[in-house]
$ cat structure33.cif   # mmCIF, C-alpha atoms
data_protein
#
loop_
_atom_site.label_atom_id
_atom_site.label_comp_id
_atom_site.auth_asym_id
_atom_site.auth_seq_id
_atom_site.Cartn_x
_atom_site.Cartn_y
_atom_site.Cartn_z
CA PHE A 1 10.60 55.54 -14.72
CA PRO A 2 10.99 59.34 -14.59
CA SER A 3 7.93 61.23 -15.80
CA VAL A 4 7.93 64.32 -18.01
CA PHE A 5 7.01 66.38 -14.97
CA SER A 6 10.10 65.20 -13.07
CA HIS A 7 12.27 66.42 -15.96
CA SER A 8 10.38 69.71 -16.18
CA LEU A 9 10.80 70.17 -12.42
CA PHE A 10 14.56 69.92 -12.86
CA LEU A 11 14.61 72.20 -15.92
CA SER A 12 12.40 74.82 -14.25
CA SER A 13 14.98 75.20 -11.50
CA LEU A 14 17.49 76.62 -14.02
CA PRO A 15 15.53 79.80 -14.94
CA ALA A 16 14.41 80.09 -11.29
CA ILE A 17 18.07 80.16 -10.18
CA ALA A 18 18.92 82.61 -12.97
CA CYS A 19 16.02 84.76 -11.81
CA GLU A 20 17.44 84.96 -8.29
CA ILE A 21 20.92 85.75 -9.64
CA ALA A 22 19.53 88.55 -11.83
CA LEU A 23 17.69 90.08 -8.87
CA VAL A 24 20.67 89.89 -6.52
CA ALA A 25 23.48 90.78 -8.89
CA GLY A 26 21.88 93.13 -11.41
CA SER A 27 18.66 94.77 -10.27
CA LYS A 28 19.19 98.18 -8.61
CA THR A 29 15.80 99.83 -8.97
CA PRO A 30 12.26 98.48 -9.41
CA PHE A 31 11.30 97.61 -12.96
CA ASP A 32 14.79 98.04 -14.42
CA PHE A 33 16.16 95.67 -17.06
CA TYR A 34 17.41 93.06 -14.60
CA PHE A 35 14.15 93.13 -12.68
CA LEU A 36 12.16 92.52 -15.87
CA LEU A 37 14.60 89.79 -16.89
CA ALA A 38 14.20 88.10 -13.52
CA SER A 39 10.41 88.28 -13.81
CA SER A 40 10.55 86.77 -17.29
CA LEU A 41 12.76 83.93 -16.03
CA LYS A 42 10.33 83.29 -13.18
CA VAL A 43 7.42 83.08 -15.61
CA LEU A 44 9.48 80.74 -17.81
CA SER A 45 10.12 78.39 -14.87
CA TYR A 46 6.35 78.20 -14.22
CA LEU A 47 5.65 77.57 -17.91
CA ILE A 48 8.10 74.68 -17.94
CA LEU A 49 6.29 73.12 -14.96
CA LEU A 50 2.89 73.60 -16.59
CA LEU A 51 4.11 72.02 -19.83
CA GLY A 52 5.50 69.07 -17.86
CA LEU A 53 2.14 68.56 -16.14
CA TYR A 54 0.31 68.86 -19.46
CA PHE A 55 2.43 66.27 -21.27
CA ASP A 56 2.31 63.97 -18.24
CA TYR A 57 -1.47 64.13 -18.38
CA ILE A 58 -1.49 63.43 -22.13
CA TYR A 59 0.83 60.43 -21.78
CA THR A 60 -1.15 59.09 -18.82
CA TYR A 61 -4.40 59.51 -20.73
CA MET A 62 -3.00 57.70 -23.79
CA ASP A 63 -1.64 54.86 -21.63
CA ASP A 64 -5.03 54.58 -19.96
CA LEU A 65 -6.78 54.32 -23.34
CA HIS A 66 -4.28 51.70 -24.49
CA MET A 67 -4.78 49.69 -21.30
CA LYS A 68 -8.57 49.87 -21.66
CA ARG A 69 -8.32 48.59 -25.24
CA GLN A 70 -6.14 45.71 -24.09
CA ILE A 71 -8.55 44.84 -21.27
CA SER A 72 -11.51 45.04 -23.62
CA SER A 73 -9.75 42.77 -26.11
CA ALA A 74 -8.85 40.29 -23.35
CA VAL A 75 -12.44 40.25 -22.05
CA LYS A 76 -13.77 39.66 -25.55
CA SER A 77 -11.28 36.83 -26.05
CA LEU A 78 -12.31 35.26 -22.73
CA GLU A 79 -15.99 35.50 -23.67
CA GLU A 80 -15.28 33.78 -26.99
CA GLN A 81 -13.32 31.05 -25.20
CA LYS A 82 -16.16 30.64 -22.72
CA ILE A 83 -18.64 30.16 -25.58
CA GLU A 84 -16.34 27.61 -27.21
CA LEU A 85 -15.87 25.79 -23.90
CA GLU A 86 -19.62 25.66 -23.27
CA LYS A 87 -20.10 24.30 -26.79
CA SER A 88 -17.40 21.67 -26.23
CA ASN A 89 -18.95 20.68 -22.88
CA TYR A 90 -22.34 20.31 -24.52
CA GLU A 91 -20.88 18.17 -27.30
CA LEU A 92 -19.00 16.08 -24.73
CA ASP A 93 -22.16 15.54 -22.70
CA HIS A 94 -24.01 14.51 -25.83
CA PHE A 95 -21.22 12.15 -26.89
CA VAL A 96 -20.93 10.52 -23.45
CA TYR A 97 -24.70 10.10 -23.26
CA MET A 98 -24.92 8.51 -26.72
CA ALA A 99 -21.87 6.31 -26.12
CA SER A 100 -23.29 5.14 -22.79
CA HIS A 101 -26.65 4.38 -24.40
CA ASP A 102 -24.98 2.44 -27.23
CA LEU A 103 -22.85 0.47 -24.77
CA LYS A 104 -25.78 -0.44 -22.54
CA THR A 105 -27.81 -1.84 -25.45
CA PRO A 106 -25.58 -4.91 -26.11
CA LEU A 107 -25.28 -5.46 -22.35
CA ARG A 108 -29.04 -5.78 -22.11
CA SER A 109 -28.95 -8.29 -24.96
CA ILE A 110 -26.26 -10.33 -23.20
CA ALA A 111 -28.26 -10.24 -19.96
CA SER A 112 -31.42 -11.37 -21.79
CA PHE A 113 -29.65 -14.27 -23.55
CA THR A 114 -28.05 -15.26 -20.25
CA ASP A 115 -31.50 -15.54 -18.68
CA LEU A 116 -32.77 -17.52 -21.69
CA ILE A 117 -29.85 -19.95 -21.49
CA GLU A 118 -30.51 -20.51 -17.80
CA GLU A 119 -34.23 -21.05 -18.39
CA ASP A 120 -33.98 -23.29 -21.48
CA PHE A 121 -30.88 -25.30 -20.53
CA GLU A 122 -31.16 -25.38 -16.75
CA ASN A 123 -30.76 -29.16 -16.59
CA GLU A 124 -27.92 -29.36 -19.13
CA ILE A 125 -25.58 -26.63 -17.84
CA GLY A 126 -25.31 -27.98 -14.32
CA GLU A 127 -23.76 -26.28 -11.33
CA THR A 128 -20.59 -25.21 -13.19
CA GLY A 129 -22.58 -23.61 -15.97
CA ALA A 130 -24.75 -21.77 -13.45
CA THR A 131 -21.59 -20.43 -11.81
CA TYR A 132 -20.34 -19.14 -15.16
CA LEU A 133 -23.70 -17.50 -15.87
CA ASN A 134 -23.57 -15.74 -12.51
CA LYS A 135 -20.11 -14.46 -13.34
CA ILE A 136 -21.46 -13.16 -16.64
CA ARG A 137 -24.21 -11.34 -14.76
CA LYS A 138 -21.64 -9.86 -12.39
CA GLY A 139 -19.60 -8.73 -15.38
CA ILE A 140 -22.66 -7.11 -16.91
CA GLY A 141 -23.40 -5.34 -13.63
CA LYS A 142 -19.82 -4.14 -13.35
CA MET A 143 -19.86 -2.89 -16.95
CA GLU A 144 -23.08 -0.97 -16.33
CA ASN A 145 -21.54 0.46 -13.18
CA LEU A 146 -18.46 1.56 -15.13
CA ILE A 147 -20.62 3.23 -17.77
CA ASN A 148 -22.50 5.11 -15.06
CA GLN A 149 -19.18 6.08 -13.49
CA VAL A 150 -18.01 7.49 -16.83
CA LEU A 151 -21.13 9.65 -16.92
CA THR A 152 -20.54 10.77 -13.34
CA LEU A 153 -16.83 11.39 -13.90
CA SER A 154 -17.45 13.51 -17.00
CA ARG A 155 -19.54 15.83 -14.83
CA ILE A 156 -17.20 15.71 -11.82
CA ASP A 157 -14.25 16.88 -13.98
CA ARG A 158 -16.13 20.01 -14.95
CA VAL A 159 -18.07 20.74 -11.79
CA GLY A 160 -15.53 19.46 -9.29
CA LYS A 161 -15.94 18.88 -5.58
CA ASP A 162 -14.07 20.11 -2.57
CA PRO A 163 -11.13 17.85 -1.59
CA HIS A 164 -11.52 16.04 1.72
CA GLU A 165 -9.67 13.48 3.81
CA THR A 166 -9.97 10.07 2.11
CA ASP A 167 -9.09 6.66 3.51
CA MET A 168 -7.04 4.94 0.79
CA ASN A 169 -7.46 1.54 2.47
CA THR A 170 -11.20 1.69 1.85
CA LEU A 171 -10.75 2.66 -1.81
CA ILE A 172 -8.16 -0.05 -2.49
CA HIS A 173 -10.16 -2.87 -0.86
CA ARG A 174 -13.25 -1.70 -2.73
CA ALA A 175 -11.37 -1.88 -6.05
CA VAL A 176 -10.05 -5.37 -5.21
CA ALA A 177 -13.54 -6.60 -4.30
CA GLU A 178 -14.93 -5.34 -7.61
CA ASN A 179 -12.20 -7.02 -9.68
CA LYS A 180 -11.71 -10.23 -7.71
CA ASP A 181 -14.12 -12.34 -9.75
CA PHE A 182 -12.53 -11.24 -13.06
CA SER A 183 -8.86 -11.31 -12.18
CA GLY A 184 -8.22 -14.97 -13.00
CA LYS A 185 -6.92 -17.76 -10.80
CA LYS A 186 -3.27 -16.72 -11.18
CA ALA A 187 -3.78 -13.15 -10.06
CA LYS A 188 -2.61 -12.21 -6.58
CA PHE A 189 -3.23 -9.00 -4.67
CA ILE A 190 -0.33 -8.04 -2.41
CA PHE A 191 -0.72 -5.14 0.03
CA LYS A 192 1.95 -3.43 2.06
CA GLY A 193 -0.18 -1.31 4.30
CA PRO A 194 -1.83 0.21 6.05
CA PHE A 195 -2.17 3.09 3.60
CA PRO A 196 -2.38 6.70 4.75
CA LYS A 197 -5.32 9.03 4.52
CA VAL A 198 -5.00 11.45 1.63
CA PHE A 199 -6.52 14.91 1.18
CA CYS A 200 -8.06 14.62 -2.31
CA GLU A 201 -11.24 14.38 -4.39
CA GLU A 202 -12.39 10.86 -3.59
CA GLU A 203 -14.51 10.38 -6.72
CA LYS A 204 -11.65 11.16 -9.11
CA ILE A 205 -9.21 8.87 -7.27
CA GLU A 206 -11.72 6.04 -7.17
CA HIS A 207 -12.60 6.24 -10.86
CA ALA A 208 -8.96 6.57 -11.88
#
$ encode --input "structure33.cif" --output "structure tokens"
Amino acid sequence: FPSVFSHSLFLSSLPAIACEIALVAGSKTPFDFYFLLASSLKVLSYLILLLGLYFDYIYTYMDDLHMKRQISSAVKSLEEQKIELEKSNYELDHFVYMASHDLKTPLRSIASFTDLIEEDFENEIGETGATYLNKIRKGIGKMENLINQVLTLSRIDRVGKDPHETDMNTLIHRAVAENKDFSGKKAKFIFKGPFPKVFCEEEKIEHA
């Protein structure tokens, strides 16, 4: 937008033009009335320019102060948000750790009782019972793996890793292998592949 100086530049041209007219049309001898009038008009044109520069400087200085205050306020707000985010991350880490610890405790109890059942009732449970106990152990192992993945994922989401080319076929078959024993007899896995390679963060896709 036009500055004060641009307006003053235009206005200063008016007395400058009048000065030239006074010199050409009126002045006959040095230092007569028209000569003095022309000189005064010339000085006035310079004063207008100086005033324009002065007010432009003042406005620029005030805008600069206002901008600095806004930047300072924004930086302070960002620092406060950073502190809050660090606090939230700490609380999340603490919660995930405690939750993981609390979830692993009953799993250990289940694993211990599974071993006791196998030891004390080895002859009574037979081959079918032993198969079921093995499936329980696999379930316990998978649950522990999932808990560890939750811990890993909570850190991955904040730290992040560089995306890279990922083979989706490998991820899908890995997921099927992990869930095959717990899917039930009626479950069927149907694939229409092969699947493409995707540029992504493998850990996040796998845990999703």
$ resolve_selection --input "structure33.cif" --expression "the PyMOL selection byres ((chain A and resi 107-116) around 8)" --output "PyMOL selection string"
chain A and resi 103-106+117-120+133+136-137+140+144
$ residues_around --input "structure33.cif" --residues "Ser6 in chain A" --least-positions-apart "3" --cutoff "12 Å" --atoms "all atoms listed in the file" --output "compact mmCIF listing (two decimals) with C-alpha atoms, keeping the file's coordinate frame"
# COMPACT_ATOMS: atom_id res chain seq x y z
CA PHE A 1 10.60 55.54 -14.72
CA PRO A 2 10.99 59.34 -14.59
CA SER A 3 7.93 61.23 -15.80
CA LEU A 9 10.80 70.17 -12.42
CA PHE A 10 14.56 69.92 -12.86
CA LEU A 11 14.61 72.20 -15.92
CA SER A 12 12.40 74.82 -14.25
CA SER A 13 14.98 75.20 -11.50
CA ILE A 48 8.10 74.68 -17.94
CA LEU A 49 6.29 73.12 -14.96
CA LEU A 50 2.89 73.60 -16.59
CA LEU A 51 4.11 72.02 -19.83
CA GLY A 52 5.50 69.07 -17.86
CA LEU A 53 2.14 68.56 -16.14
CA PHE A 55 2.43 66.27 -21.27
CA ASP A 56 2.31 63.97 -18.24
$ closest_residue --input "structure33.cif" --among "A:Asp102, A:Leu92, A:Ile205, A:Ile172" --to "Phe191 in chain A" --atoms "only C-alpha atoms"
A:Ile172
$ resolve_selection --input "structure33.cif" --expression "the PyMOL selection byres ((chain A and resi 165) around 7)" --output "JSON, numbers by chain"
{"A": [164, 166, 167, 197, 198, 199, 200]}
$ resolve_selection --input "structure33.cif" --expression "the PyMOL selection byres ((chain A and resi 34) around 12)" --output "PyMOL selection string"
chain A and resi 18-33+35-41
$ closest_residue --input "structure33.cif" --among "A:Arg69, A:His101, A:Lys138, A:Lys76" --to "Ala177 in chain A" --atoms "all atoms listed in the file"
A:Lys138
$ atom_distance --input "structure33.cif" --atom1 "CA of Gln149 in chain A" --atom2 "CA of Pro196 in chain A"
24.8 Å
$ atom_distance --input "structure33.cif" --atom1 "CA of Leu146 in chain A" --atom2 "CA of Val96 in chain A"
12.5 Å
$ closest_residue --input "structure33.cif" --among "A:Leu151, A:Gly141, A:Gly126, A:Leu78" --to "His94 in chain A" --atoms "all atoms listed in the file"
A:Leu151
$ atom_distance --input "structure33.cif" --atom1 "CA of Ile17 in chain A" --atom2 "CA of Ser45 in chain A"
9.4 Å
$ decode --input "structure33.cif" --residues "range 84-100 of chain A" --atoms "all heavy atoms" --output "PDB file, in the first residue's frame"
ATOM      1  N   GLU A  84       3.775 -28.379  28.139  1.00  0.00           N
ATOM      2  CA  GLU A  84       2.582 -29.198  28.338  1.00  0.00           C
ATOM      3  C   GLU A  84       2.700 -30.519  27.590  1.00  0.00           C
ATOM      4  O   GLU A  84       2.299 -31.581  28.093  1.00  0.00           O
ATOM      5  CB  GLU A  84       1.338 -28.441  27.861  1.00  0.00           C
ATOM      6  CG  GLU A  84       0.937 -27.277  28.757  1.00  0.00           C
ATOM      7  CD  GLU A  84       0.517 -27.738  30.143  1.00  0.00           C
ATOM      8  OE1 GLU A  84      -0.114 -28.815  30.245  1.00  0.00           O
ATOM      9  OE2 GLU A  84       0.832 -27.043  31.125  1.00  0.00           O
ATOM     10  N   LEU A  85       3.256 -30.469  26.374  1.00  0.00           N
ATOM     11  CA  LEU A  85       3.415 -31.690  25.580  1.00  0.00           C
ATOM     12  C   LEU A  85       4.405 -32.637  26.235  1.00  0.00           C
ATOM     13  O   LEU A  85       4.179 -33.855  26.280  1.00  0.00           O
ATOM     14  CB  LEU A  85       3.887 -31.324  24.171  1.00  0.00           C
ATOM     15  CG  LEU A  85       4.042 -32.487  23.180  1.00  0.00           C
ATOM     16  CD1 LEU A  85       2.714 -33.202  22.984  1.00  0.00           C
ATOM     17  CD2 LEU A  85       4.579 -31.973  21.849  1.00  0.00           C
ATOM     18  N   GLU A  86       5.509 -32.093  26.745  1.00  0.00           N
ATOM     19  CA  GLU A  86       6.492 -32.934  27.431  1.00  0.00           C
ATOM     20  C   GLU A  86       5.879 -33.569  28.678  1.00  0.00           C
ATOM     21  O   GLU A  86       6.142 -34.743  28.980  1.00  0.00           O
ATOM     22  CB  GLU A  86       7.718 -32.109  27.808  1.00  0.00           C
ATOM     23  CG  GLU A  86       8.573 -31.703  26.604  1.00  0.00           C
ATOM     24  CD  GLU A  86       9.706 -30.772  26.987  1.00  0.00           C
ATOM     25  OE1 GLU A  86       9.689 -30.266  28.144  1.00  0.00           O
ATOM     26  OE2 GLU A  86      10.610 -30.547  26.151  1.00  0.00           O
ATOM     27  N   LYS A  87       5.044 -32.797  29.372  1.00  0.00           N
ATOM     28  CA  LYS A  87       4.377 -33.328  30.561  1.00  0.00           C
ATOM     29  C   LYS A  87       3.411 -34.444  30.172  1.00  0.00           C
ATOM     30  O   LYS A  87       3.359 -35.494  30.827  1.00  0.00           O
ATOM     31  CB  LYS A  87       3.624 -32.197  31.272  1.00  0.00           C
ATOM     32  CG  LYS A  87       2.920 -32.635  32.538  1.00  0.00           C
ATOM     33  CD  LYS A  87       2.187 -31.470  33.181  1.00  0.00           C
ATOM     34  CE  LYS A  87       1.420 -31.919  34.429  1.00  0.00           C
ATOM     35  NZ  LYS A  87       0.671 -30.788  35.045  1.00  0.00           N
ATOM     36  N   SER A  88       2.656 -34.220  29.082  1.00  0.00           N
ATOM     37  CA  SER A  88       1.707 -35.239  28.622  1.00  0.00           C
ATOM     38  C   SER A  88       2.440 -36.503  28.174  1.00  0.00           C
ATOM     39  O   SER A  88       1.992 -37.622  28.452  1.00  0.00           O
ATOM     40  CB  SER A  88       0.862 -34.693  27.464  1.00  0.00           C
ATOM     41  OG  SER A  88       0.101 -33.582  27.873  1.00  0.00           O
ATOM     42  N   ASN A  89       3.582 -36.327  27.481  1.00  0.00           N
ATOM     43  CA  ASN A  89       4.362 -37.485  27.040  1.00  0.00           C
ATOM     44  C   ASN A  89       4.900 -38.277  28.229  1.00  0.00           C
ATOM     45  O   ASN A  89       4.909 -39.513  28.206  1.00  0.00           O
ATOM     46  CB  ASN A  89       5.526 -37.027  26.152  1.00  0.00           C
ATOM     47  CG  ASN A  89       5.066 -36.600  24.772  1.00  0.00           C
ATOM     48  OD1 ASN A  89       3.978 -36.964  24.327  1.00  0.00           O
ATOM     49  ND2 ASN A  89       5.886 -35.825  24.092  1.00  0.00           N
ATOM     50  N   TYR A  90       5.328 -37.549  29.252  1.00  0.00           N
ATOM     51  CA  TYR A  90       5.821 -38.229  30.452  1.00  0.00           C
ATOM     52  C   TYR A  90       4.697 -39.021  31.118  1.00  0.00           C
ATOM     53  O   TYR A  90       4.883 -40.178  31.513  1.00  0.00           O
ATOM     54  CB  TYR A  90       6.402 -37.209  31.428  1.00  0.00           C
ATOM     55  CG  TYR A  90       6.766 -37.799  32.767  1.00  0.00           C
ATOM     56  CD1 TYR A  90       7.949 -38.533  32.922  1.00  0.00           C
ATOM     57  CD2 TYR A  90       5.923 -37.643  33.866  1.00  0.00           C
ATOM     58  CE1 TYR A  90       8.274 -39.094  34.146  1.00  0.00           C
ATOM     59  CE2 TYR A  90       6.240 -38.203  35.095  1.00  0.00           C
ATOM     60  CZ  TYR A  90       7.428 -38.926  35.235  1.00  0.00           C
ATOM     61  OH  TYR A  90       7.733 -39.478  36.444  1.00  0.00           O
ATOM     62  N   GLU A  91       3.521 -38.382  31.233  1.00  0.00           N
ATOM     63  CA  GLU A  91       2.381 -39.066  31.848  1.00  0.00           C
ATOM     64  C   GLU A  91       1.947 -40.266  31.014  1.00  0.00           C
ATOM     65  O   GLU A  91       1.562 -41.309  31.560  1.00  0.00           O
ATOM     66  CB  GLU A  91       1.221 -38.085  32.017  1.00  0.00           C
ATOM     67  CG  GLU A  91       1.499 -37.003  33.053  1.00  0.00           C
ATOM     68  CD  GLU A  91       0.399 -35.963  33.106  1.00  0.00           C
ATOM     69  OE1 GLU A  91      -0.497 -36.007  32.228  1.00  0.00           O
ATOM     70  OE2 GLU A  91       0.422 -35.113  34.022  1.00  0.00           O
ATOM     71  N   LEU A  92       2.006 -40.124  29.676  1.00  0.00           N
ATOM     72  CA  LEU A  92       1.645 -41.242  28.811  1.00  0.00           C
ATOM     73  C   LEU A  92       2.627 -42.385  28.967  1.00  0.00           C
ATOM     74  O   LEU A  92       2.227 -43.559  29.047  1.00  0.00           O
ATOM     75  CB  LEU A  92       1.609 -40.772  27.352  1.00  0.00           C
ATOM     76  CG  LEU A  92       1.277 -41.836  26.303  1.00  0.00           C
ATOM     77  CD1 LEU A  92      -0.109 -42.424  26.552  1.00  0.00           C
ATOM     78  CD2 LEU A  92       1.364 -41.250  24.907  1.00  0.00           C
ATOM     79  N   ASP A  93       3.913 -42.075  29.016  1.00  0.00           N
ATOM     80  CA  ASP A  93       4.925 -43.114  29.229  1.00  0.00           C
ATOM     81  C   ASP A  93       4.691 -43.849  30.544  1.00  0.00           C
ATOM     82  O   ASP A  93       4.775 -45.081  30.607  1.00  0.00           O
ATOM     83  CB  ASP A  93       6.323 -42.491  29.233  1.00  0.00           C
ATOM     84  CG  ASP A  93       6.886 -42.312  27.835  1.00  0.00           C
ATOM     85  OD1 ASP A  93       6.423 -43.015  26.926  1.00  0.00           O
ATOM     86  OD2 ASP A  93       7.770 -41.462  27.650  1.00  0.00           O
ATOM     87  N   HIS A  94       4.401 -43.066  31.574  1.00  0.00           N
ATOM     88  CA  HIS A  94       4.163 -43.657  32.894  1.00  0.00           C
ATOM     89  C   HIS A  94       2.923 -44.547  32.870  1.00  0.00           C
ATOM     90  O   HIS A  94       2.931 -45.656  33.408  1.00  0.00           O
ATOM     91  CB  HIS A  94       4.008 -42.544  33.930  1.00  0.00           C
ATOM     92  CG  HIS A  94       3.828 -43.053  35.328  1.00  0.00           C
ATOM     93  ND1 HIS A  94       4.840 -43.689  36.025  1.00  0.00           N
ATOM     94  CD2 HIS A  94       2.740 -43.034  36.153  1.00  0.00           C
ATOM     95  CE1 HIS A  94       4.393 -44.030  37.218  1.00  0.00           C
ATOM     96  NE2 HIS A  94       3.121 -43.655  37.312  1.00  0.00           N
ATOM     97  N   PHE A  95       1.868 -44.057  32.211  1.00  0.00           N
ATOM     98  CA  PHE A  95       0.624 -44.836  32.141  1.00  0.00           C
ATOM     99  C   PHE A  95       0.841 -46.133  31.365  1.00  0.00           C
ATOM    100  O   PHE A  95       0.409 -47.210  31.786  1.00  0.00           O
ATOM    101  CB  PHE A  95      -0.473 -44.002  31.474  1.00  0.00           C
ATOM    102  CG  PHE A  95      -1.703 -44.801  31.140  1.00  0.00           C
ATOM    103  CD1 PHE A  95      -2.610 -45.153  32.133  1.00  0.00           C
ATOM    104  CD2 PHE A  95      -1.948 -45.213  29.829  1.00  0.00           C
ATOM    105  CE1 PHE A  95      -3.725 -45.907  31.829  1.00  0.00           C
ATOM    106  CE2 PHE A  95      -3.065 -45.962  29.523  1.00  0.00           C
ATOM    107  CZ  PHE A  95      -3.966 -46.304  30.519  1.00  0.00           C
ATOM    108  N   VAL A  96       1.499 -46.042  30.206  1.00  0.00           N
ATOM    109  CA  VAL A  96       1.730 -47.233  29.380  1.00  0.00           C
ATOM    110  C   VAL A  96       2.586 -48.245  30.137  1.00  0.00           C
ATOM    111  O   VAL A  96       2.333 -49.450  30.096  1.00  0.00           O
ATOM    112  CB  VAL A  96       2.396 -46.844  28.043  1.00  0.00           C
ATOM    113  CG1 VAL A  96       2.832 -48.087  27.279  1.00  0.00           C
ATOM    114  CG2 VAL A  96       1.440 -46.022  27.194  1.00  0.00           C
ATOM    115  N   TYR A  97       3.598 -47.737  30.839  1.00  0.00           N
ATOM    116  CA  TYR A  97       4.467 -48.637  31.605  1.00  0.00           C
ATOM    117  C   TYR A  97       3.679 -49.351  32.700  1.00  0.00           C
ATOM    118  O   TYR A  97       3.787 -50.575  32.871  1.00  0.00           O
ATOM    119  CB  TYR A  97       5.626 -47.852  32.213  1.00  0.00           C
ATOM    120  CG  TYR A  97       6.498 -48.684  33.129  1.00  0.00           C
ATOM    121  CD1 TYR A  97       7.464 -49.557  32.607  1.00  0.00           C
ATOM    122  CD2 TYR A  97       6.348 -48.606  34.516  1.00  0.00           C
ATOM    123  CE1 TYR A  97       8.253 -50.322  33.445  1.00  0.00           C
ATOM    124  CE2 TYR A  97       7.135 -49.376  35.358  1.00  0.00           C
ATOM    125  CZ  TYR A  97       8.084 -50.229  34.820  1.00  0.00           C
ATOM    126  OH  TYR A  97       8.851 -50.990  35.654  1.00  0.00           O
ATOM    127  N   MET A  98       2.877 -48.595  33.462  1.00  0.00           N
ATOM    128  CA  MET A  98       2.111 -49.191  34.547  1.00  0.00           C
ATOM    129  C   MET A  98       1.063 -50.162  34.014  1.00  0.00           C
ATOM    130  O   MET A  98       0.858 -51.254  34.564  1.00  0.00           O
ATOM    131  CB  MET A  98       1.440 -48.085  35.373  1.00  0.00           C
ATOM    132  CG  MET A  98       2.419 -47.191  36.118  1.00  0.00           C
ATOM    133  SD  MET A  98       3.465 -48.111  37.273  1.00  0.00           S
ATOM    134  CE  MET A  98       2.243 -48.727  38.428  1.00  0.00           C
ATOM    135  N   ALA A  99       0.379 -49.747  32.908  1.00  0.00           N
ATOM    136  CA  ALA A  99      -0.633 -50.623  32.329  1.00  0.00           C
ATOM    137  C   ALA A  99      -0.005 -51.921  31.834  1.00  0.00           C
ATOM    138  O   ALA A  99      -0.557 -53.014  32.016  1.00  0.00           O
ATOM    139  CB  ALA A  99      -1.352 -49.902  31.190  1.00  0.00           C
ATOM    140  N   SER A 100       1.158 -51.809  31.190  1.00  0.00           N
ATOM    141  CA  SER A 100       1.845 -52.997  30.689  1.00  0.00           C
ATOM    142  C   SER A 100       2.257 -53.916  31.837  1.00  0.00           C
ATOM    143  O   SER A 100       2.120 -55.141  31.758  1.00  0.00           O
ATOM    144  CB  SER A 100       3.077 -52.586  29.880  1.00  0.00           C
ATOM    145  OG  SER A 100       2.711 -51.770  28.792  1.00  0.00           O
TER     146      SER A 100
END
